[in-house]
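**Q** Enclosed is the structure file target-v9.cif (mmCIF, C-alpha atoms).
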data_query
loop_
_atom_site.label_atom_id
_atom_site.label_comp_id
_atom_site.auth_asym_id
_atom_site.auth_seq_id
_atom_site.Cartn_x
_atom_site.Cartn_y
_atom_site.Cartn_z
CA MET A 1 13.22 -27.28 43.12
CA LYS A 2 11.12 -29.75 41.24
CA ALA A 3 9.02 -30.52 44.28
CA ASP A 4 6.92 -27.47 43.61
CA THR A 5 5.56 -28.74 40.33
CA GLY A 6 3.68 -31.42 42.20
CA SER A 7 1.57 -28.90 44.10
CA ILE A 8 -1.73 -27.55 42.76
CA ALA A 9 -0.25 -24.15 42.15
CA GLY A 10 2.60 -25.83 40.32
CA ALA A 11 0.31 -27.07 37.55
CA SER A 12 0.20 -23.68 35.95
CA PRO A 13 3.92 -23.17 35.30
CA VAL A 14 3.83 -26.41 33.31
CA ARG A 15 0.84 -25.22 31.35
CA ALA A 16 2.45 -21.83 30.93
CA SER A 17 5.60 -23.33 29.54
CA GLN A 18 3.58 -25.53 27.18
CA LYS A 19 1.72 -22.47 26.05
CA GLU A 20 4.98 -20.65 25.51
CA ALA A 21 6.34 -23.59 23.52
CA THR A 22 3.22 -23.53 21.31
CA ARG A 23 3.65 -19.82 20.86
CA GLN A 24 7.24 -20.13 19.74
CA ARG A 25 6.44 -22.98 17.36
CA VAL A 26 3.61 -21.00 15.79
CA LEU A 27 5.82 -17.93 15.41
CA ALA A 28 8.63 -19.93 13.81
CA SER A 29 6.25 -21.62 11.34
CA ALA A 30 4.51 -18.35 10.57
CA ARG A 31 7.79 -16.65 9.87
CA SER A 32 8.88 -19.22 7.33
CA LEU A 33 5.45 -19.50 5.69
CA PHE A 34 4.93 -15.74 5.34
CA ALA A 35 8.41 -15.48 3.88
CA VAL A 36 7.51 -18.00 1.17
CA HIS A 37 3.79 -17.54 0.52
CA GLY A 38 3.17 -13.92 1.47
CA TYR A 39 0.54 -12.59 3.81
CA GLN A 40 -2.55 -13.77 1.93
CA GLY A 41 -1.01 -17.02 0.83
CA ALA A 42 -0.08 -18.28 4.29
CA THR A 43 -3.26 -19.31 6.09
CA ILE A 44 -3.75 -19.97 9.80
CA ARG A 45 -4.47 -23.56 8.87
CA ASP A 46 -1.13 -23.90 7.07
CA ILE A 47 0.65 -22.32 10.00
CA ALA A 48 -1.04 -24.64 12.50
CA ARG A 49 -0.20 -27.69 10.40
CA ASP A 50 3.42 -26.65 10.01
CA ALA A 51 3.74 -25.96 13.75
CA ASN A 52 2.02 -29.25 14.51
CA VAL A 53 -0.66 -27.65 16.69
CA SER A 54 -4.41 -27.38 16.26
CA VAL A 55 -6.03 -24.39 14.58
CA GLY A 56 -7.94 -23.88 17.82
CA SER A 57 -4.81 -23.54 19.90
CA VAL A 58 -3.38 -21.01 17.44
CA PHE A 59 -6.46 -18.91 18.05
CA THR A 60 -6.30 -19.26 21.82
CA THR A 61 -2.73 -17.94 21.66
CA PHE A 62 -3.12 -15.20 19.02
CA ALA A 63 -6.09 -13.01 18.20
CA SER A 64 -5.52 -13.07 14.45
CA LYS A 65 -3.13 -13.72 11.61
CA GLY A 66 -2.22 -10.04 11.68
CA VAL A 67 -1.16 -10.32 15.32
CA ILE A 68 1.02 -13.35 14.55
CA LEU A 69 2.78 -11.44 11.79
CA SER A 70 3.20 -8.38 14.03
CA GLU A 71 4.93 -10.52 16.63
CA VAL A 72 7.12 -12.20 14.05
CA MET A 73 8.20 -8.81 12.74
CA GLU A 74 8.78 -7.34 16.18
CA ALA A 75 10.87 -10.26 17.34
CA ARG A 76 12.88 -10.17 14.15
CA ILE A 77 13.65 -6.47 14.22
CA GLU A 78 14.24 -6.10 17.96
CA PRO A 79 18.00 -6.84 17.84
CA LEU A 80 18.35 -4.28 15.05
CA TYR A 81 16.70 -1.62 17.20
CA VAL A 82 18.88 -2.45 20.17
CA GLU A 83 21.84 -1.87 17.88
CA LEU A 84 20.36 1.31 16.40
CA ASP A 85 19.55 2.72 19.83
CA ARG A 86 23.20 2.26 20.66
CA VAL A 87 24.60 3.68 17.41
CA MET A 88 22.26 6.44 16.29
CA PRO A 89 22.91 8.92 19.14
CA HIS A 90 26.60 8.88 18.22
CA LEU A 91 25.97 9.50 14.57
CA HIS A 92 26.97 13.03 13.62
CA GLY A 93 26.85 15.03 10.46
CA PRO A 94 24.03 16.57 8.46
CA THR A 95 20.50 15.25 8.93
CA VAL A 96 20.33 14.13 5.33
CA ASP A 97 23.28 11.77 5.87
CA ARG A 98 21.97 10.41 9.14
CA LEU A 99 18.61 9.64 7.52
CA LYS A 100 20.29 7.96 4.58
CA THR A 101 22.25 5.76 6.98
CA LEU A 102 19.14 4.87 8.97
CA PHE A 103 17.23 3.76 5.88
CA ALA A 104 20.15 2.02 4.22
CA ILE A 105 20.37 -0.13 7.36
CA HIS A 106 16.64 -0.85 7.22
CA ILE A 107 16.64 -1.70 3.54
CA GLN A 108 19.58 -4.04 3.92
CA PHE A 109 17.90 -5.69 6.86
CA GLU A 110 14.48 -6.15 5.25
CA MET A 111 15.95 -7.32 1.96
CA GLN A 112 17.37 -10.35 3.73
CA ILE A 113 13.82 -11.73 3.65
CA PRO A 114 11.99 -9.44 1.21
CA ARG A 115 8.79 -11.45 1.09
CA LEU A 116 8.40 -11.27 4.82
CA PHE A 117 8.58 -7.50 4.73
CA LEU A 118 6.19 -7.33 1.78
CA SER A 119 3.77 -9.44 3.82
CA HIS A 120 4.12 -6.90 6.57
CA ILE A 121 3.12 -4.08 4.21
CA ALA A 122 0.30 -6.13 2.67
CA ALA A 123 -1.08 -6.79 6.15
CA ALA A 124 -1.71 -3.09 6.51
CA TYR A 125 -4.60 -3.56 4.10
CA ASP A 126 -6.08 -6.66 5.64
CA TRP A 127 -9.76 -6.68 6.37
CA THR A 128 -9.79 -8.83 9.39
CA LEU A 129 -6.87 -7.14 11.06
CA SER A 130 -7.55 -6.75 14.77
CA PRO A 131 -6.75 -3.44 16.45
CA ASP A 132 -3.87 -4.97 18.41
CA ALA A 133 -2.01 -5.97 15.25
CA LYS A 134 0.80 -3.68 14.19
CA PRO A 135 1.17 -3.80 10.43
CA PHE A 136 3.82 -1.75 8.71
CA GLY A 137 3.12 1.93 9.23
CA ARG A 138 2.08 1.42 12.81
CA ASN A 139 5.60 0.59 13.85
CA ALA A 140 6.29 3.14 16.57
CA ARG A 141 10.02 2.43 16.62
CA LEU A 142 10.65 3.29 13.00
CA LYS A 143 8.58 6.45 13.36
CA GLY A 144 10.43 7.26 16.57
CA GLY A 145 13.83 6.75 14.97
CA VAL A 146 13.03 9.06 12.06
CA THR A 147 11.49 11.64 14.39
CA ASP A 148 14.63 11.63 16.57
CA CYS A 149 16.80 12.06 13.51
CA LEU A 150 14.80 15.07 12.36
CA ALA A 151 14.53 16.56 15.84
CA LYS A 152 18.32 16.48 16.13
CA GLY A 153 18.41 18.31 12.80
CA VAL A 154 16.11 21.00 14.17
CA ALA A 155 18.37 21.32 17.24
CA ASP A 156 21.47 21.47 15.02
CA GLY A 157 19.84 24.06 12.79
CA ASP A 158 19.85 22.23 9.46
CA ILE A 159 16.09 21.54 9.59
CA ARG A 160 13.59 24.39 9.85
CA ALA A 161 11.94 24.56 13.24
CA ASP A 162 8.46 25.23 11.84
CA VAL A 163 8.03 22.00 9.87
CA ASN A 164 5.34 19.56 10.92
CA LEU A 165 7.53 16.60 11.86
CA ASP A 166 4.66 14.09 11.78
CA ASP A 167 3.92 14.89 8.16
CA VAL A 168 7.58 14.68 7.22
CA VAL A 169 7.95 11.35 8.99
CA ALA A 170 4.90 10.00 7.14
CA LEU A 171 6.33 11.22 3.85
CA ILE A 172 9.71 9.59 4.43
CA ILE A 173 8.19 6.32 5.61
CA SER A 174 5.89 6.15 2.60
CA ALA A 175 8.86 6.77 0.32
CA PHE A 176 10.64 3.92 2.12
CA ALA A 177 7.73 1.49 1.85
CA TRP A 178 7.03 2.20 -1.78
CA THR A 179 10.66 1.76 -2.63
CA PHE A 180 9.96 -1.93 -1.98
CA ARG A 181 7.68 -1.91 -5.00
CA LEU A 182 10.92 -2.02 -6.95
CA ALA A 183 11.64 -5.35 -5.32
CA ILE A 184 8.30 -6.69 -6.56
CA THR A 185 8.14 -5.18 -10.02
CA GLN A 186 11.79 -5.03 -11.02
CA ASN A 187 13.51 -7.53 -8.77
CA ALA A 188 15.69 -4.69 -7.53
CA ASP A 189 18.39 -5.55 -5.02
CA ALA A 190 19.17 -3.71 -1.79
CA LYS A 191 21.83 -1.57 -3.43
CA ALA A 192 19.51 -0.30 -6.17
CA MET A 193 16.82 0.45 -3.61
CA ILE A 194 19.20 2.33 -1.35
CA THR A 195 20.17 4.53 -4.31
CA VAL A 196 16.53 5.41 -4.95
CA MET A 197 15.87 5.98 -1.26
CA ASP A 198 18.93 8.25 -0.97
CA ARG A 199 17.63 10.45 -3.76
CA GLN A 200 14.21 10.67 -2.16
CA ILE A 201 15.66 11.56 1.23
CA GLY A 202 17.87 14.17 -0.43
CA LEU A 203 14.89 15.74 -2.09
CA ILE A 204 12.75 15.75 1.05
CA VAL A 205 15.45 17.23 3.27
CA GLU A 206 16.16 19.88 0.65
CA GLY A 207 12.61 21.02 1.25
CA LEU A 208 13.21 21.27 4.99
CA ALA A 209 16.29 23.46 4.91
CA PRO A 210 16.11 26.73 6.85
CA ARG A 211 15.08 29.64 4.67
CA PRO A 212 17.99 31.88 3.75
CA MET B 1 -43.48 4.28 -35.09
CA ASN B 2 -42.13 6.67 -37.62
CA GLN B 3 -38.88 7.00 -35.77
CA ILE B 4 -38.36 3.32 -35.54
CA THR B 5 -38.77 2.99 -39.28
CA THR B 6 -36.24 5.75 -39.80
CA ILE B 7 -33.71 4.12 -37.60
CA ARG B 8 -34.20 0.82 -39.34
CA SER B 9 -33.93 2.29 -42.78
CA GLU B 10 -30.83 4.28 -41.83
CA GLY B 11 -29.23 1.35 -40.18
CA GLU B 12 -27.09 0.72 -43.19
CA THR B 13 -24.70 -1.55 -41.39
CA PRO B 14 -26.98 -4.03 -39.70
CA LYS B 15 -24.02 -6.34 -39.21
CA ARG B 16 -22.49 -3.97 -36.71
CA ALA B 17 -25.56 -3.77 -34.53
CA PRO B 18 -25.09 -6.10 -31.58
CA THR B 19 -26.79 -9.41 -32.07
CA ARG B 20 -29.13 -10.71 -29.44
CA ARG B 21 -26.46 -13.16 -28.45
CA ALA B 22 -23.82 -10.45 -28.04
CA LEU B 23 -26.26 -8.42 -25.97
CA ALA B 24 -26.98 -11.38 -23.73
CA LYS B 25 -23.29 -11.97 -23.34
CA ARG B 26 -22.67 -8.38 -22.41
CA GLN B 27 -25.45 -8.55 -19.86
CA THR B 28 -23.99 -11.66 -18.33
CA ARG B 29 -20.61 -9.96 -18.06
CA LEU B 30 -22.17 -6.96 -16.37
CA LYS B 31 -24.03 -9.15 -13.93
CA VAL B 32 -20.85 -11.00 -13.02
CA LEU B 33 -18.89 -7.77 -12.70
CA ASN B 34 -21.49 -6.24 -10.39
CA ALA B 35 -21.62 -9.31 -8.19
CA ALA B 36 -17.82 -9.47 -8.12
CA ARG B 37 -17.52 -5.81 -7.22
CA ASN B 38 -19.83 -6.30 -4.24
CA LEU B 39 -18.06 -9.41 -3.05
CA PHE B 40 -14.55 -8.00 -3.43
CA SER B 41 -15.73 -5.00 -1.40
CA GLU B 42 -17.23 -7.17 1.31
CA GLU B 43 -14.77 -10.04 1.47
CA GLY B 44 -11.57 -8.69 0.01
CA TYR B 45 -9.76 -10.28 -2.92
CA GLU B 46 -8.82 -13.51 -1.19
CA GLY B 47 -12.15 -13.93 0.55
CA ALA B 48 -14.30 -13.66 -2.56
CA THR B 49 -14.43 -16.94 -4.47
CA ILE B 50 -15.60 -17.49 -8.03
CA ARG B 51 -18.26 -19.80 -6.62
CA ASP B 52 -19.67 -17.04 -4.38
CA ILE B 53 -19.53 -14.56 -7.23
CA ALA B 54 -21.39 -16.94 -9.54
CA ALA B 55 -24.01 -17.59 -6.85
CA ALA B 56 -24.49 -13.87 -6.25
CA ALA B 57 -24.87 -13.27 -9.97
CA GLY B 58 -27.38 -16.13 -10.14
CA MET B 59 -25.40 -18.27 -12.57
CA SER B 60 -23.14 -21.27 -12.72
CA THR B 61 -19.38 -21.07 -12.17
CA GLY B 62 -19.10 -22.40 -15.74
CA ALA B 63 -20.92 -19.33 -17.03
CA VAL B 64 -18.51 -17.08 -15.12
CA PHE B 65 -15.51 -18.89 -16.57
CA ALA B 66 -16.98 -18.57 -20.05
CA ASN B 67 -16.60 -14.81 -19.64
CA PHE B 68 -13.51 -14.41 -17.47
CA ARG B 69 -10.34 -16.43 -17.41
CA ASP B 70 -10.00 -16.44 -13.64
CA LYS B 71 -10.53 -14.36 -10.54
CA SER B 72 -7.60 -12.09 -11.28
CA ASP B 73 -9.02 -11.39 -14.74
CA LEU B 74 -12.27 -10.34 -13.12
CA PHE B 75 -10.52 -8.18 -10.56
CA ARG B 76 -8.34 -6.58 -13.19
CA GLU B 77 -11.37 -5.61 -15.23
CA ILE B 78 -13.04 -3.92 -12.25
CA MET B 79 -9.82 -2.14 -11.32
CA THR B 80 -9.29 -0.93 -14.88
CA GLU B 81 -12.76 0.50 -14.97
CA ASP B 82 -12.28 2.27 -11.63
CA LEU B 83 -8.79 3.50 -12.38
CA ASP B 84 -9.92 5.04 -15.64
CA ALA B 85 -12.72 6.88 -13.89
CA LEU B 86 -10.42 7.87 -11.02
CA LEU B 87 -7.67 9.20 -13.26
CA GLY B 88 -10.27 11.10 -15.26
CA ALA B 89 -11.56 12.73 -12.09
CA MET B 90 -8.02 13.60 -10.95
CA ARG B 91 -7.06 15.09 -14.32
CA ALA B 92 -10.25 17.13 -14.47
CA ALA B 93 -9.52 18.50 -11.00
CA GLY B 94 -6.02 19.45 -12.12
CA THR B 95 -7.27 21.66 -14.91
CA GLN B 96 -9.04 23.94 -12.51
CA GLY B 97 -5.97 26.08 -12.52
CA GLY B 98 -4.25 27.90 -9.72
CA ARG B 99 -0.65 27.61 -8.70
CA ILE B 100 1.03 24.24 -8.71
CA GLU B 101 0.45 23.60 -4.98
CA ASP B 102 -3.25 24.31 -5.39
CA SER B 103 -3.73 22.25 -8.49
CA LEU B 104 -1.82 19.30 -7.01
CA LEU B 105 -3.94 19.48 -3.90
CA LYS B 106 -7.07 19.46 -6.03
CA VAL B 107 -5.78 16.43 -7.90
CA LEU B 108 -5.06 14.57 -4.66
CA MET B 109 -8.38 15.46 -3.09
CA ALA B 110 -10.26 14.35 -6.18
CA GLY B 111 -8.54 10.99 -5.74
CA TYR B 112 -9.42 10.72 -2.05
CA GLY B 113 -12.99 11.82 -2.72
CA PHE B 114 -13.35 9.16 -5.39
CA TYR B 115 -12.25 6.36 -3.11
CA LYS B 116 -14.10 7.65 -0.08
CA ALA B 117 -17.18 5.95 -1.50
CA ARG B 118 -15.38 2.67 -2.16
CA LEU B 119 -12.75 2.42 0.50
CA GLN B 120 -13.16 -1.34 0.87
CA LEU B 121 -12.43 -1.90 -2.77
CA ALA B 122 -9.39 0.36 -2.56
CA ARG B 123 -8.22 -1.73 0.33
CA ALA B 124 -8.62 -4.93 -1.68
CA ALA B 125 -6.62 -3.36 -4.49
CA PHE B 126 -3.75 -2.35 -2.21
CA SER B 127 -3.72 -5.69 -0.53
CA VAL B 128 -3.41 -7.43 -3.88
CA ALA B 129 -0.82 -4.99 -5.15
CA TRP B 130 1.49 -5.77 -2.22
CA ASP B 131 0.99 -9.48 -2.43
CA VAL B 132 3.81 -11.07 -4.35
CA ASP B 133 1.56 -13.74 -5.83
CA GLY B 134 -1.58 -11.66 -6.12
CA GLY B 135 0.38 -8.77 -7.54
CA PRO B 136 0.22 -10.02 -11.12
CA ALA B 137 -3.55 -9.43 -10.98
CA LEU B 138 -2.81 -5.73 -11.03
CA ARG B 139 0.62 -5.54 -12.53
CA GLY B 140 0.87 -4.57 -16.11
CA LEU B 141 -2.33 -2.66 -15.68
CA ALA B 142 -1.72 0.30 -17.96
CA SER B 143 -3.70 2.64 -15.75
CA SER B 144 -1.73 1.91 -12.60
CA ARG B 145 1.11 3.90 -14.12
CA GLY B 146 -1.41 6.62 -14.76
CA PHE B 147 -1.10 8.12 -11.28
CA GLN B 148 2.46 9.09 -11.84
CA ASP B 149 1.55 10.51 -15.23
CA VAL B 150 -1.13 12.72 -13.72
CA PHE B 151 1.38 14.19 -11.26
CA SER B 152 4.12 14.53 -13.80
CA GLU B 153 1.79 16.40 -16.20
CA GLN B 154 1.10 18.89 -13.43
CA LEU B 155 4.77 19.34 -12.61
CA THR B 156 5.80 19.60 -16.25
CA SER B 157 3.33 22.33 -16.94
CA ALA B 158 4.49 24.18 -13.82
CA VAL B 159 8.05 23.98 -15.16
CA GLU B 160 6.80 25.35 -18.48
CA ARG B 161 5.05 28.20 -16.72
CA GLY B 162 8.28 28.95 -14.88
CA GLU B 163 6.78 28.19 -11.49
CA LEU B 164 9.24 25.37 -10.94
CA SER B 165 12.87 25.30 -12.02
CA GLN B 166 14.05 23.44 -15.11
CA GLN B 167 16.05 21.05 -12.93
CA SER B 168 13.03 19.88 -11.00
CA GLU B 169 13.56 16.13 -11.25
CA VAL B 170 9.97 15.83 -12.39
CA LYS B 171 10.09 12.06 -12.56
CA LEU B 172 11.29 11.49 -9.00
CA ARG B 173 9.02 14.18 -7.59
CA SER B 174 5.93 12.83 -9.33
CA GLN B 175 6.80 9.37 -8.07
CA MET B 176 7.03 10.70 -4.52
CA LEU B 177 3.72 12.50 -4.85
CA MET B 178 2.19 9.24 -5.97
CA ASP B 179 3.81 7.39 -3.06
CA CYS B 180 2.45 9.68 -0.41
CA PHE B 181 -0.91 9.89 -2.14
CA LEU B 182 -1.22 6.11 -1.97
CA ALA B 183 0.40 5.65 1.43
CA ASN B 184 -1.92 8.16 3.08
CA PHE B 185 -4.78 5.84 2.18
CA SER B 186 -3.59 3.20 4.59
CA GLN B 187 -3.58 5.60 7.49
CA ALA B 188 -6.87 7.10 6.42
CA ILE B 189 -8.42 3.66 6.32
CA PHE B 190 -7.11 2.61 9.71
CA GLU B 191 -7.36 5.75 11.65
CA GLY B 192 -10.67 6.72 10.12
CA TRP B 193 -9.38 10.03 8.85
CA SER B 194 -11.72 12.62 7.45
CA LEU B 195 -11.12 14.25 4.10
CA ASP B 196 -10.13 17.39 6.01
CA ALA B 197 -7.38 15.56 7.86
CA LEU B 198 -6.16 14.08 4.57
CA GLN B 199 -6.18 17.49 3.00
CA ALA B 200 -4.09 18.99 5.81
CA ARG B 201 -1.51 16.22 5.49
CA ALA B 202 -1.45 16.29 1.69
CA LYS B 203 -0.96 20.04 1.70
CA ASP B 204 2.11 19.78 3.94
CA GLN B 205 3.55 16.94 1.92
CA ILE B 206 3.10 18.73 -1.38
CA ARG B 207 4.89 21.75 0.05
CA ILE B 208 7.84 19.65 1.19
CA VAL B 209 8.13 17.71 -2.06
CA LEU B 210 8.10 20.92 -4.09
CA ALA B 211 10.24 23.05 -1.80
CA GLY B 212 13.53 22.28 -3.52
CA ALA B 213 12.12 22.87 -7.00
CA ARG B 214 11.30 26.54 -6.64
CA GLY B 215 12.52 29.36 -8.76
CA GLY B 216 13.12 29.66 -12.45
#
Mind converting the file's structure to structure tokens?
**A**
Amino acid sequence: MKADTGSIAGASPVRASQKEATRQRVLASARSLFAVHGYQGATIRDIARDANVSVGSVFTTFASKGVILSEVMEARIEPLYVELDRVMPHLHGPTVDRLKTLFAIHIQFEMQIPRLFLSHIAAAYDWTLSPDAKPFGRNARLKGGVTDCLAKGVADGDIRADVNLDDVVALIISAFAWTFRLAITQNADAKAMITVMDRQIGLIVEGLAPRP
Amino acid sequence: MNQITTIRSEGETPKRAPTRRALAKRQTRLKVLNAARNLFSEEGYEGATIRDIAAAAGMSTGAVFANFRDKSDLFREIMTEDLDALLGAMRAAGTQGGRIEDSLLKVLMAGYGFYKARLQLARAAFSVAWDVDGGPALRGLASSRGFQDVFSEQLTSAVERGELSQQSEVKLRSQMLMDCFLANFSQAIFEGWSLDALQARAKDQIRIVLAGARGG
């Protein structure tokens, strides 16, 4: 098996695995630095130093700081989505309750490392963000999850069929994101934030009920 | 000539007239603020350093520090100035009457129109606001609470007119209006939305937020 690595073609798997190792080290360092210093506070230089790689090799692996953070966030949330994909289709009951559950899960999850999530939101306003970065708000899976929830409501008849789902999704996701302001300004915990989010969801869904 | 004499003779409180020194100081402040505004717009909050700002204003960093405590002080001053003007524009738009949906839409559009011309600066402000360490630069800014006040004034008067029910949860609804108003910016910035696209979205969102508050 190892004989192959001696051949010319075999040189690249070694390089590829080195590259992958660099990648993983950078991602691990970035994750802990963003979680402590925030998006602006953690620089590429700090990340490179912490990962024990050169700044140059960080840039050959990732297009920008925004891309690094996107990958950190995606890797972190992936297991949650696998779980949600499994659970959500079996969730029954009124749309308002299903949405509350979906967001309570998200809030609890993100509040494990609040600063990391705040970095994710802050990145949405970064100048130098390259188009391939996915800051908060461009997360297709969250949007998709909320859209599915609402679409089921339309099918079940507790959400009006003529609502513009995209606009509703944007409204709910902005309510969710700005709920995290409470974490910054008032040191709110997950429980307090879920209470606020529940009220907002209640109010939004009230506005989507079929007309009598 | 005559006029000048009049002014001088009527200037009964010469002490209150700004001294040459105070005038010079004010001019220095203005110069720094202008340079800072340009640099924050071009480089963002983090990217703009006091050194660059001083250089752009044609003075020493010492002279900048003589007028402003630090970078966040400078940023806060610019934001306060803008927020006051912005809130003024939004309030004025809200007095143009119409039903609550219409007046709220006018308020929102006045806000978007205001920032259309200074999107980069808006972006710097949001970026700072979400940064846990940079946040204090904007926190405690009296005017940043002003957004919610503008919306809640609109809703309260609609309740008084009987357009919205007494149990309208004005506080939560105005907070949500503020949230979507601000959150739409990020999409507008990234996806290069036009004011028309923003208007279409805002209109839908206002309708949803108000839907449960109908009736008297």
**Q** CA of His92 in chain A and CA of Asn139 in chain A, how far apart in Å?
**A**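 Atom-to-atom, CA of Asn139 in chain A to CA of His92 in chain A, that is 24.7 Å.
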**Q** Do you know which residues the PyMOL selection byres ((chain B) within 9 of (chain A)) returns on this file, as a PyMOL selection string?
**A** chain B and resi 43-44+46+120+123-135+139+172-173+176+179-180+182-184+186-187+189-190+201-202+204-205+207-213
**Q** Those same residues, written as a PDB file, keeping the file's coordinate frame with C-alpha atoms?
**A**
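And here's out.pdb as it stands now:
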ATOM      1  CA  GLU B  43     -14.770 -10.040   1.470  1.00  0.00           C
ATOM      2  CA  GLY B  44     -11.570  -8.690   0.010  1.00  0.00           C
ATOM      3  CA  GLU B  46      -8.820 -13.510  -1.190  1.00  0.00           C
ATOM      4  CA  GLN B 120     -13.160  -1.340   0.870  1.00  0.00           C
ATOM      5  CA  ARG B 123      -8.220  -1.730   0.330  1.00  0.00           C
ATOM      6  CA  ALA B 124      -8.620  -4.930  -1.680  1.00  0.00           C
ATOM      7  CA  ALA B 125      -6.620  -3.360  -4.490  1.00  0.00           C
ATOM      8  CA  PHE B 126      -3.750  -2.350  -2.210  1.00  0.00           C
ATOM      9  CA  SER B 127      -3.720  -5.690  -0.530  1.00  0.00           C
ATOM     10  CA  VAL B 128      -3.410  -7.430  -3.880  1.00  0.00           C
ATOM     11  CA  ALA B 129      -0.820  -4.990  -5.150  1.00  0.00           C
ATOM     12  CA  TRP B 130       1.490  -5.770  -2.220  1.00  0.00           C
ATOM     13  CA  ASP B 131       0.990  -9.480  -2.430  1.00  0.00           C
ATOM     14  CA  VAL B 132       3.810 -11.070  -4.350  1.00  0.00           C
ATOM     15  CA  ASP B 133       1.560 -13.740  -5.830  1.00  0.00           C
ATOM     16  CA  GLY B 134      -1.580 -11.660  -6.120  1.00  0.00           C
ATOM     17  CA  GLY B 135       0.380  -8.770  -7.540  1.00  0.00           C
ATOM     18  CA  ARG B 139       0.620  -5.540 -12.530  1.00  0.00           C
ATOM     19  CA  LEU B 172      11.290  11.490  -9.000  1.00  0.00           C
ATOM     20  CA  ARG B 173       9.020  14.180  -7.590  1.00  0.00           C
ATOM     21  CA  MET B 176       7.030  10.700  -4.520  1.00  0.00           C
ATOM     22  CA  ASP B 179       3.810   7.390  -3.060  1.00  0.00           C
ATOM     23  CA  CYS B 180       2.450   9.680  -0.410  1.00  0.00           C
ATOM     24  CA  LEU B 182      -1.220   6.110  -1.970  1.00  0.00           C
ATOM     25  CA  ALA B 183       0.400   5.650   1.430  1.00  0.00           C
ATOM     26  CA  ASN B 184      -1.920   8.160   3.080  1.00  0.00           C
ATOM     27  CA  SER B 186      -3.590   3.200   4.590  1.00  0.00           C
ATOM     28  CA  GLN B 187      -3.580   5.600   7.490  1.00  0.00           C
ATOM     29  CA  ILE B 189      -8.420   3.660   6.320  1.00  0.00           C
ATOM     30  CA  PHE B 190      -7.110   2.610   9.710  1.00  0.00           C
ATOM     31  CA  ARG B 201      -1.510  16.220   5.490  1.00  0.00           C
ATOM     32  CA  ALA B 202      -1.450  16.290   1.690  1.00  0.00           C
ATOM     33  CA  ASP B 204       2.110  19.780   3.940  1.00  0.00           C
ATOM     34  CA  GLN B 205       3.550  16.940   1.920  1.00  0.00           C
ATOM     35  CA  ARG B 207       4.890  21.750   0.050  1.00  0.00           C
ATOM     36  CA  ILE B 208       7.840  19.650   1.190  1.00  0.00           C
ATOM     37  CA  VAL B 209       8.130  17.710  -2.060  1.00  0.00           C
ATOM     38  CA  LEU B 210       8.100  20.920  -4.090  1.00  0.00           C
ATOM     39  CA  ALA B 211      10.240  23.050  -1.800  1.00  0.00           C
ATOM     40  CA  GLY B 212      13.530  22.280  -3.520  1.00  0.00           C
ATOM     41  CA  ALA B 213      12.120  22.870  -7.000  1.00  0.00           C
TER      42      ALA B 213
END
**Q** Quick check, in Å to one decimal: how far apart do CA of Ala30 in chain A and CA of Glu83 in chain A lie?
**A**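 According to the coordinates, CA of Ala30 in chain A and CA of Glu83 in chain A are separated by 25.0 Å.
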**Q** If we count only C-alpha atoms, what is near range 62-73 of chain A at a cut-off of 7 Å, once residues fewer than 4 positions away on the same chain are taken out, given as a ChimeraX atom specification?
**A** /A:27,31,44,58,77,123,129-130,132-135
**Q** Choose the residue, out of B:Leu33, B:Gly62, B:Gly88, B:Gly192, that has the smallest atom-to-atom separation from Phe75 in chain B; count all atoms listed in the file.
**A**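 Nearest to Phe75 in chain B: B:Leu33.
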